[in-house]
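Dumped upload-v1.cif below, it's mmCIF, C-alpha atoms and all ligand atoms:
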data_query
loop_
_atom_site.label_atom_id
_atom_site.label_comp_id
_atom_site.auth_asym_id
_atom_site.auth_seq_id
_atom_site.Cartn_x
_atom_site.Cartn_y
_atom_site.Cartn_z
CA MET A 1 67.11 83.67 180.30
CA GLU A 2 63.82 84.42 178.56
CA LEU A 3 62.02 82.77 175.70
CA ILE A 4 61.90 84.72 172.47
CA PRO A 5 58.21 85.70 172.18
CA LEU A 6 58.19 85.32 168.38
CA LEU A 7 58.36 81.54 168.69
CA ASP A 8 55.37 81.50 171.03
CA THR A 9 53.25 83.46 168.58
CA LEU A 10 53.84 80.83 165.88
CA SER A 11 51.26 78.47 167.26
CA LYS A 12 49.49 75.44 165.84
CA HIS A 13 46.37 75.88 163.78
CA PRO A 14 43.78 73.31 162.62
CA VAL A 15 44.17 71.60 159.28
CA TYR A 16 40.82 71.74 157.51
CA ASP A 17 39.09 68.88 155.70
CA THR A 18 40.37 68.16 152.23
CA ASP A 19 38.39 66.26 149.62
CA SER A 20 41.12 63.82 148.70
CA LEU A 21 44.07 62.25 150.44
CA LYS A 22 47.63 63.26 149.59
CA PRO A 23 50.28 60.67 148.64
CA LEU A 24 52.14 61.35 151.90
CA GLN A 25 48.98 60.18 153.73
CA PHE A 26 49.18 56.78 152.09
CA SER A 27 49.27 53.75 154.37
CA ALA A 28 49.33 50.01 153.71
CA CYS A 29 46.40 49.99 156.15
CA GLU A 30 43.29 51.12 154.25
CA ARG A 31 41.48 51.66 157.51
CA ARG A 32 44.05 54.24 158.50
CA MET A 33 43.43 56.16 155.25
CA TRP A 34 39.66 55.82 155.77
CA PHE A 35 39.98 57.39 159.22
CA HIS A 36 42.09 60.16 157.77
CA HIS A 37 39.61 60.86 154.97
CA ARG A 38 36.82 60.95 157.56
CA ASN A 39 38.81 63.48 159.59
CA VAL A 40 38.47 61.32 162.67
CA SER A 41 41.22 63.20 164.46
CA GLN A 42 41.66 66.95 164.21
CA PHE A 43 45.19 67.65 163.11
CA LYS A 44 47.03 70.85 163.77
CA ALA A 45 49.68 72.27 161.50
CA ASP A 46 52.75 73.31 163.47
CA THR A 47 53.98 76.52 161.88
CA ARG A 48 57.35 76.23 163.63
CA LEU A 49 57.93 72.76 162.19
CA VAL A 50 56.99 73.92 158.69
CA LEU A 51 59.46 76.83 158.96
CA LEU A 52 62.17 74.53 160.34
CA ASP A 53 61.64 71.99 157.55
CA ASN A 54 61.72 74.69 154.86
CA SER A 55 65.00 75.97 156.31
CA ILE A 56 66.43 72.44 156.34
CA ARG A 57 65.49 72.02 152.67
CA GLN A 58 67.28 75.27 151.82
CA ILE A 59 70.38 74.13 153.72
CA VAL A 60 70.39 70.83 151.81
CA ILE A 61 70.06 72.66 148.47
CA HIS A 62 72.93 75.01 149.40
CA ALA A 63 75.08 72.04 150.48
CA LEU A 64 74.42 70.22 147.19
CA LYS A 65 75.18 73.34 145.17
CA ALA A 66 78.43 73.76 147.11
CA THR A 67 79.53 70.35 145.80
CA GLY A 68 79.13 71.65 142.23
CA ARG A 69 75.70 70.23 141.42
CA VAL A 70 73.45 72.33 139.23
CA ILE A 71 70.06 72.73 140.88
CA GLY A 72 67.21 75.04 140.00
CA PRO A 73 63.66 75.64 141.26
CA ALA A 74 60.70 74.74 139.06
CA LYS A 75 57.38 75.88 140.56
CA HIS A 76 57.36 74.10 143.94
CA GLU A 77 60.01 71.53 143.01
CA TRP A 78 63.79 71.37 142.92
CA ILE A 79 65.34 69.88 139.76
CA MET A 80 68.97 68.80 139.40
CA ARG A 81 70.68 68.90 135.98
CA HIS A 82 73.43 66.44 135.13
CA ASP A 83 75.04 64.78 132.10
CA GLU A 84 72.24 62.22 131.67
CA GLY A 85 69.41 64.73 132.01
CA PHE A 86 67.28 65.98 134.91
CA THR A 87 66.42 64.53 138.31
CA LEU A 88 63.67 65.56 140.72
CA LEU A 89 64.81 66.19 144.31
CA CYS A 90 62.42 65.23 147.14
CA ILE A 91 63.83 66.40 150.48
CA HIS A 92 62.19 65.01 153.63
CA PRO A 93 63.25 66.25 157.09
CA MET A 94 62.51 63.43 159.58
CA ARG A 95 62.41 62.58 163.28
CA GLY A 96 65.07 60.16 164.49
CA ASP A 97 62.83 57.06 164.36
CA GLU A 98 61.49 57.99 160.92
CA TYR A 99 65.05 58.52 159.71
CA THR A 100 66.19 55.09 160.89
CA ARG A 101 63.13 53.37 159.42
CA ASN A 102 63.41 55.11 156.05
CA PHE A 103 67.18 54.61 155.94
CA ASN A 104 66.50 50.86 155.93
CA ARG A 105 63.51 50.98 153.57
CA LEU A 106 61.56 53.98 152.31
CA ASP A 107 58.02 54.27 153.65
CA ASP A 108 55.40 53.55 150.99
CA ALA A 109 54.04 57.07 151.48
CA ILE A 110 57.40 58.67 150.65
CA GLU A 111 57.86 56.42 147.62
CA PHE A 112 54.30 57.19 146.46
CA ASP A 113 54.90 60.92 146.91
CA ALA A 114 58.03 60.75 144.72
CA LEU A 115 56.25 58.65 142.07
CA HIS A 116 53.27 61.00 142.03
CA ARG A 117 55.53 64.05 141.67
CA LEU A 118 57.41 62.36 138.82
CA ASP A 119 54.10 61.50 137.16
CA THR A 120 52.88 65.10 137.28
CA SER A 121 56.28 66.64 136.46
CA SER A 122 55.31 67.31 132.83
CA GLU A 123 53.50 70.38 134.20
CA LEU A 124 56.93 71.81 135.06
CA SER A 125 58.20 71.61 131.50
CA SER A 126 57.24 74.02 128.73
CA ARG A 127 57.51 71.05 126.33
CA GLY A 128 55.50 68.74 128.59
CA ASN A 129 58.46 66.42 129.23
CA ARG A 130 58.05 64.10 132.19
CA LEU A 131 60.89 63.32 134.59
CA ASN A 132 61.69 59.65 135.13
CA HIS A 133 64.10 59.78 138.04
CA ALA A 134 63.87 61.22 141.56
CA ILE A 135 66.32 61.29 144.43
CA VAL A 136 64.71 61.16 147.86
CA ILE A 137 66.93 62.80 150.47
CA GLY A 138 66.09 61.96 154.08
CA VAL A 139 67.42 64.48 156.60
CA HIS A 140 67.63 63.83 160.35
CA ARG A 141 66.24 67.01 161.94
CA GLY A 142 68.52 66.69 164.97
CA SER A 143 71.92 65.70 163.58
CA MET A 144 71.39 66.80 159.94
CA ALA A 145 72.64 63.35 158.86
CA MET A 146 71.38 62.56 155.34
CA PHE A 147 70.77 59.59 153.10
CA GLU A 148 69.61 59.39 149.51
CA ALA A 149 67.49 56.83 147.67
CA ASN A 150 66.69 56.54 143.97
CA ILE A 151 63.13 56.25 142.66
CA TRP A 152 62.31 55.56 139.02
CA HIS A 153 58.93 56.27 137.45
CA ASP A 154 56.93 53.04 137.66
CA ASP A 155 53.39 52.96 136.27
CA ASP A 156 52.45 49.66 137.92
CA ARG A 157 53.48 50.73 141.39
CA LEU A 158 51.85 54.13 141.00
CA SER A 159 48.59 52.50 139.88
CA MET A 160 48.71 50.12 142.83
CA PHE A 161 49.16 53.00 145.33
CA ARG A 162 46.43 55.07 143.66
CA ALA A 163 43.95 52.19 143.58
CA MET A 164 44.41 51.49 147.30
CA MET A 165 44.01 55.14 148.15
CA GLN A 166 40.91 55.50 146.00
CA SER A 167 39.41 52.42 147.57
CA ALA A 168 39.85 53.94 151.05
CA GLU A 169 38.45 57.29 149.92
CA THR A 170 35.32 55.87 148.36
CA ALA A 171 34.52 53.16 150.92
CA GLU A 172 31.19 53.77 152.62
CA THR A 173 31.95 51.15 155.24
CA ILE A 174 35.03 50.91 157.35
CA PRO A 175 37.79 48.74 155.83
CA ASP A 176 38.98 45.73 157.79
CA MET A 177 41.67 46.20 160.39
CA VAL A 178 45.10 45.48 158.89
CA PRO A 179 47.49 45.70 161.82
CA ASP A 180 50.91 46.68 160.60
CA LYS A 181 54.20 47.96 161.84
CA TYR A 182 52.79 51.49 162.10
CA CYS A 183 49.99 50.67 164.57
CA ASN A 184 51.88 51.98 167.59
CA ASP A 185 52.58 55.18 165.71
CA CYS A 186 49.08 55.45 164.21
CA ASP A 187 47.08 58.62 164.92
CA TYR A 188 43.90 56.53 165.02
CA VAL A 189 44.85 53.73 167.37
CA ASP A 190 42.36 54.95 170.01
CA PHE A 191 39.46 54.82 167.52
CA CYS A 192 40.62 51.58 165.96
CA ASN A 193 40.91 49.45 169.06
CA ARG A 194 40.66 51.47 172.25
CA ASN A 195 36.94 52.31 172.20
CA ALA A 196 37.24 56.05 171.58
CA ILE A 197 34.47 57.99 169.80
CA PRO A 198 35.61 60.61 167.29
CA ARG A 199 34.56 64.24 167.20
CA ALA A 200 31.16 65.10 165.77
CA THR A 201 31.87 66.35 162.26
CA CYS A 202 30.06 65.99 158.96
CA ARG A 203 32.38 63.11 158.09
CA THR A 204 31.48 61.09 161.17
CA CYS A 205 27.74 61.66 160.72
CA ALA A 206 25.23 58.98 159.70
CA ASN A 207 23.44 61.52 157.47
CA VAL A 208 26.36 61.92 155.10
CA THR A 209 26.79 59.84 151.95
CA ASN A 210 30.14 59.16 150.35
CA VAL A 211 29.67 59.69 146.61
CA GLY A 212 32.89 58.69 144.90
CA GLY A 213 34.99 60.13 147.71
CA GLN A 214 32.94 63.34 148.10
CA PHE A 215 30.72 63.76 151.16
CA GLU A 216 27.13 64.85 150.54
CA CYS A 217 24.32 65.60 152.98
CA ARG A 218 20.89 67.08 152.32
CA TYR A 219 21.24 69.24 155.44
CA GLY A 220 24.40 71.01 154.38
CA SER A 221 28.15 70.75 154.74
CA ILE A 222 28.77 72.43 158.10
CA VAL A 223 28.37 70.40 161.26
CA CYS A 224 24.83 71.01 162.58
CA ASP A 225 22.52 69.95 165.40
CA LYS A 226 21.20 67.00 163.33
CA HIS A 227 24.48 65.13 163.73
CA ILE A 228 24.12 61.51 164.77
CA TYR A 229 27.09 59.18 164.74
CA HIS A 230 27.73 56.82 161.85
CA PRO A 231 26.92 53.49 163.62
CA GLN A 232 30.24 52.00 162.52
CA PHE A 233 32.15 54.44 164.70
CA MET A 234 29.91 53.44 167.60
CA ALA A 235 30.45 49.74 166.82
CA LEU A 236 34.23 50.29 166.99
CA ALA A 237 33.70 51.89 170.40
CA GLY A 238 31.77 48.79 171.52
CA TYR A 239 28.12 49.88 171.01
CA ASP A 240 25.86 48.02 168.61
CA VAL A 241 22.60 49.31 167.14
CA VAL A 242 19.49 47.56 168.53
CA ALA A 243 16.85 49.72 166.83
CA ALA A 244 16.47 52.86 164.76
CA ASP A 245 13.71 55.41 164.15
CA PRO A 246 14.55 56.95 160.75
CA ASP A 247 11.72 59.53 160.97
CA ARG A 248 13.08 61.09 164.16
CA MET A 249 16.68 60.15 163.32
CA VAL A 250 17.09 58.24 166.58
CA ILE A 251 19.57 55.37 166.86
CA ASP A 252 19.01 53.12 169.84
CA TYR A 253 22.09 51.43 171.33
CA GLY A 254 20.22 49.58 174.09
CA ASP A 255 21.35 51.51 177.16
CA PHE A 256 21.10 54.90 175.45
CA CYS A 257 20.04 56.63 172.25
CA ASN A 258 21.85 59.03 169.95
CA ALA A 259 19.49 61.65 168.49
CA PRO A 260 19.55 65.15 166.99
CA GLU A 261 19.21 68.21 169.20
CA GLY A 262 15.70 68.52 170.70
CA VAL A 263 14.69 64.85 170.22
CA LYS A 264 14.16 62.75 173.35
CA VAL A 265 13.06 59.16 173.84
CA ASP A 266 10.95 58.88 176.98
CA GLY A 267 12.53 56.84 179.75
CA LYS A 268 15.86 56.37 177.98
CA ALA A 269 19.09 58.35 178.16
CA THR A 270 19.01 60.24 174.87
CA MET A 271 22.08 62.22 173.90
CA THR A 272 23.16 64.41 171.04
CA SER A 273 26.47 63.46 169.48
CA ARG A 274 28.32 66.18 171.38
CA GLU A 275 26.78 64.97 174.67
CA LEU A 276 27.69 61.41 173.77
CA ALA A 277 31.28 62.37 172.99
CA LYS A 278 31.54 64.17 176.33
CA ALA A 279 30.03 61.24 178.27
CA CYS A 280 32.56 58.89 176.64
CA ARG A 281 35.48 61.24 177.30
CA GLU A 282 34.47 61.47 180.97
CA ASP A 283 34.04 57.68 181.17
CA TRP A 284 30.35 57.92 182.17
CA MET A 285 28.96 55.46 179.62
CA GLN A 286 29.43 52.43 181.87
CA ASP A 287 27.78 54.20 184.83
CA ASP A 288 24.23 52.82 185.16
CA ARG A 289 23.18 55.59 187.54
CA PHE A 290 24.27 58.24 185.08
CA LEU A 291 22.25 56.61 182.30
CA ALA A 292 19.23 56.07 184.61
CA VAL A 293 19.19 59.74 185.68
CA MET A 294 19.56 60.90 182.08
CA GLY A 295 16.61 58.70 181.08
CA ALA A 296 14.35 59.47 184.05
CA PHE A 297 14.66 63.26 183.77
CA ASN A 298 15.15 63.64 180.00
CA ALA A 299 18.33 65.33 181.17
CA ARG A 300 20.79 67.41 179.15
CA LEU A 301 24.54 67.50 179.62
CA GLU A 302 26.32 70.78 180.08
CA LEU A 303 28.96 70.95 177.37
S1 LIG B 401 45.88 51.26 164.54
FE1 LIG B 401 46.81 49.88 162.96
S2 LIG B 401 45.05 48.71 162.11
FE2 LIG B 401 44.22 50.53 163.17
S3 LIG B 401 44.02 52.13 161.62
FE3 LIG B 401 46.03 52.42 162.58
S4 LIG B 401 47.47 51.25 161.30
FE4 LIG B 401 45.39 50.50 160.78
S1 LIG B 402 23.36 66.30 159.30
FE1 LIG B 402 24.51 68.12 159.79
S2 LIG B 402 26.38 67.34 160.80
FE2 LIG B 402 25.44 65.62 159.69
S3 LIG B 402 26.47 65.61 157.72
FE3 LIG B 402 24.59 66.78 157.50
S4 LIG B 402 25.20 68.92 157.81
FE4 LIG B 402 26.86 67.62 158.61
#
Translate this file's structure into C-alpha cells.
Amino acid sequence: MELIPLLDTLSKHPVYDTDSLKPLQFSACERRMWFHHRNVSQFKADTRLVLLDNSIRQIVIHALKATGRVIGPAKHEWIMRHDEGFTLLCIHPMRGDEYTRNFNRLDDAIEFDALHRLDTSSELSSRGNRLNHAIVIGVHRGSMAMFEANIWHDDDRLSMFRAMMQSAETAETIPDMVPDKYCNDCDYVDFCNRNAIPRATCRTCANVTNVGGQFECRYGSIVCDKHIYHPQFMALAGYDVVAADPDRMVIDYGDFCNAPEGVKVDGKATMTSRELAKACREDWMQDDRFLAVMGAFNARLEL
C-alpha cells in the first residue's frame, strides 16, 4: 500500500503573530496568555486538521438537519431557528481527553468563545438583533460521539473573561505562576518551569515596549540583530541580571553577557540572542570551559 501524496502536501505552516488574543486562547492562568501573546512558542497550523474539523462540522450540520431542525449559515456562523427564536451553534471537534474534560465541564475558553460570539452576533442581523442563546456541540474526532451544552449571554461573565485577557495582553511584566489543571497540557511548561529560553523574536526582546497590548520598538517590527532577551525570560530560565550597559545594550548575567550582533565584552563570553538560544538548546550554559573559551577568544558560535 502507498500513502496518498495529497495528504503529504498539506503540511503545517507557521501561525504569525496577532495583536490580540482570541477567546479560544483564554486560560485561567494569566501567565499562559502572556506567553501566548509574546509568541513564546512558534505554533504551526495543521491544514489537515483544519480540513478534518470543517468536514466534521458539516457532518454535524447535516445530521441536525436530518432530524428536522432548521439551520442556516450567517456569515461564518450557523444559526438554528425554532419556535422560541434563534440559537447560535458552536461546533467544536475535540481530542478524546478534551472531549471527556468538556463533557464534564466546558473549558472557560470554549464558554468565552460562545459568549463572545453571542455578544457580536448583532453583526449577523440586518436589524442589529443580538442572539442570547448558544448551543455548544462537542464532537469526539475519533468516535464522532457528541454532547451539547447551553450557554446564555451573560454580561458579567463576559466582562470577567475580557478583563483577565486584557490584563495578560497589556502586562509588561510576567504574571505570577498560577498552576492549574492544564499545566501538564500547557504549551509553555518548558518556559514556565523547565528553564527553557524562547526563540528570539520582537516579542521576547528587551527593546520592545508593550503599549496597551501593542508592541513598539524604535528599531522596527521585524526581528533584527539588536535583539537582546527580555531579562524576565532569562530569570525564568535561571539567570539573573548582575549589571547592564544601556549604551551598548549589553546585559551581564555574571557568567556571560547577552548583547547585540557585533558587541563584545572583553574577557567574558558574550553572545547574541540566537547564540544564547543555541547554547541553551545544546546544554552548554553550565559548561565552564565553553564559557571560558568564548570569553578568552571573543568567540562566535556557528548557528
Ligand atoms: S505551565 Fe501552568 S503555570 Fe505555567 S504558564 Fe502553563 S498553565 Fe500557567
Ligand atoms: S530591537 Fe530588533 S528584534 Fe528587538 S524588538 Fe526591536 S526590531 Fe525587534
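Rounded to one decimal, atom FE3 of ligand LIG 402 (chain B) and CA of Val242 (chain A) lie 22.7 Å from each other.
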Kindly extract all protein, DNA and RNA residues lying within 6 Å of the coordinates (49.4, 73.9, 163.8) given in the file, considering all atoms listed in the file, and supply them as a PDB file with C-alpha atoms, keeping the file's coordinate frame.
ATOM      1  CA  LYS A  12      49.490  75.440 165.840  1.00  0.00           C
ATOM      2  CA  HIS A  13      46.370  75.880 163.780  1.00  0.00           C
ATOM      3  CA  PRO A  14      43.780  73.310 162.620  1.00  0.00           C
ATOM      4  CA  LYS A  44      47.030  70.850 163.770  1.00  0.00           C
ATOM      5  CA  ALA A  45      49.680  72.270 161.500  1.00  0.00           C
ATOM      6  CA  ASP A  46      52.750  73.310 163.470  1.00  0.00           C
ATOM      7  CA  THR A  47      53.980  76.520 161.880  1.00  0.00           C
TER       8      THR A  47
END
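For the atom pair formed by CA of Val136 (chain A) and atom S2 of ligand LIG 401 (chain B), the distance is 27.3 Å, given to one decimal.
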| Test item: residues no farther than 6 Å from ligand LIG 402 (chain B), counting only C-alpha atoms and all ligand atoms, as a PyMOL selection string | chain A and resi 201-202+205+207-208+217+219-224+226-227
| request: Around ligand LIG 401 (chain B), at most 12 Å away and counting only C-alpha atoms and all ligand atoms, which residues are there? Put them as a PyMOL selection string, please. | output: chain A and resi 25-37+40-41+168+174-195+236
Take the residues from that selection and write them out as an mmCIF file, in the frame of the given file, keeping C-alpha atoms.
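File produced: part05.cif:
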data_model
loop_
_atom_site.group_PDB
_atom_site.id
_atom_site.type_symbol
_atom_site.label_atom_id
_atom_site.label_comp_id
_atom_site.auth_asym_id
_atom_site.auth_seq_id
_atom_site.Cartn_x
_atom_site.Cartn_y
_atom_site.Cartn_z
ATOM 1 C CA GLN A 25 48.980 60.180 153.730
ATOM 2 C CA PHE A 26 49.180 56.780 152.090
ATOM 3 C CA SER A 27 49.270 53.750 154.370
ATOM 4 C CA ALA A 28 49.330 50.010 153.710
ATOM 5 C CA CYS A 29 46.400 49.990 156.150
ATOM 6 C CA GLU A 30 43.290 51.120 154.250
ATOM 7 C CA ARG A 31 41.480 51.660 157.510
ATOM 8 C CA ARG A 32 44.050 54.240 158.500
ATOM 9 C CA MET A 33 43.430 56.160 155.250
ATOM 10 C CA TRP A 34 39.660 55.820 155.770
ATOM 11 C CA PHE A 35 39.980 57.390 159.220
ATOM 12 C CA HIS A 36 42.090 60.160 157.770
ATOM 13 C CA HIS A 37 39.610 60.860 154.970
ATOM 14 C CA VAL A 40 38.470 61.320 162.670
ATOM 15 C CA SER A 41 41.220 63.200 164.460
ATOM 16 C CA ALA A 168 39.850 53.940 151.050
ATOM 17 C CA ILE A 174 35.030 50.910 157.350
ATOM 18 C CA PRO A 175 37.790 48.740 155.830
ATOM 19 C CA ASP A 176 38.980 45.730 157.790
ATOM 20 C CA MET A 177 41.670 46.200 160.390
ATOM 21 C CA VAL A 178 45.100 45.480 158.890
ATOM 22 C CA PRO A 179 47.490 45.700 161.820
ATOM 23 C CA ASP A 180 50.910 46.680 160.600
ATOM 24 C CA LYS A 181 54.200 47.960 161.840
ATOM 25 C CA TYR A 182 52.790 51.490 162.100
ATOM 26 C CA CYS A 183 49.990 50.670 164.570
ATOM 27 C CA ASN A 184 51.880 51.980 167.590
ATOM 28 C CA ASP A 185 52.580 55.180 165.710
ATOM 29 C CA CYS A 186 49.080 55.450 164.210
ATOM 30 C CA ASP A 187 47.080 58.620 164.920
ATOM 31 C CA TYR A 188 43.900 56.530 165.020
ATOM 32 C CA VAL A 189 44.850 53.730 167.370
ATOM 33 C CA ASP A 190 42.360 54.950 170.010
ATOM 34 C CA PHE A 191 39.460 54.820 167.520
ATOM 35 C CA CYS A 192 40.620 51.580 165.960
ATOM 36 C CA ASN A 193 40.910 49.450 169.060
ATOM 37 C CA ARG A 194 40.660 51.470 172.250
ATOM 38 C CA ASN A 195 36.940 52.310 172.200
ATOM 39 C CA LEU A 236 34.230 50.290 166.990
#
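Here CA of Ala243 (chain A) and CA of Asn210 (chain A) stand 23.2 Å from one another.
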| note | Nearest to Thr120 (chain A), restricted to all atoms listed in the file and choosing among A:Cys280, A:Ala292, A:Leu88, A:Ile151, comes out as A:Leu88
| request: Would you list the contacts of region 137-140 of chain A as a PyMOL selection string, taking every protein, DNA or RNA residue within 6 Å and counting only C-alpha atoms, but skipping same-chain residues closer than 4 positions in sequence? | output: chain A and resi 91-94+99+144-148
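Among the candidate residues A:Asp283, A:Thr272, A:Thr18, A:Arg38, the one lying nearest to Thr209 (chain A) is A:Arg38, with distances computed using all atoms listed in the file.
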| Neighbour list for Asp240 (chain A) as a ChimeraX atom specification, cut-off 9 Å, all atoms listed in the file, skip fewer than 2 positions in-chain | /A:231-232,234-238,242,252-254
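Minimum distance to Gly212 (chain A) across A:Ala171, A:Val60, A:Ala279, A:Ala259 (counting all atoms listed in the file) occurs at A:Ala171.
Here the question is which of A:Glu169, A:Asp266, A:Asp19, A:Asp155 gets nearest to Asn298 (chain A) using all atoms listed in the file, and that residue is A:Asp266.
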| said: Counting only C-alpha atoms, find residues at most 8 Å from (59.2, 70.5, 142.4) (file frame) and give them as a ChimeraX atom specification. | reply: /A:73-79,88-90,117,121,124
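Nearest to Asp247 (chain A) of all the residues A:Val211, A:Ala200, A:Val50, A:Val263 is A:Val263, based on only C-alpha atoms.
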| field | Selection near Met294 (chain A), 9 Å with all atoms listed in the file, sequence-local residues under 3 positions removed, as a ChimeraX atom specification | value | /A:267-271,289-291,297-301
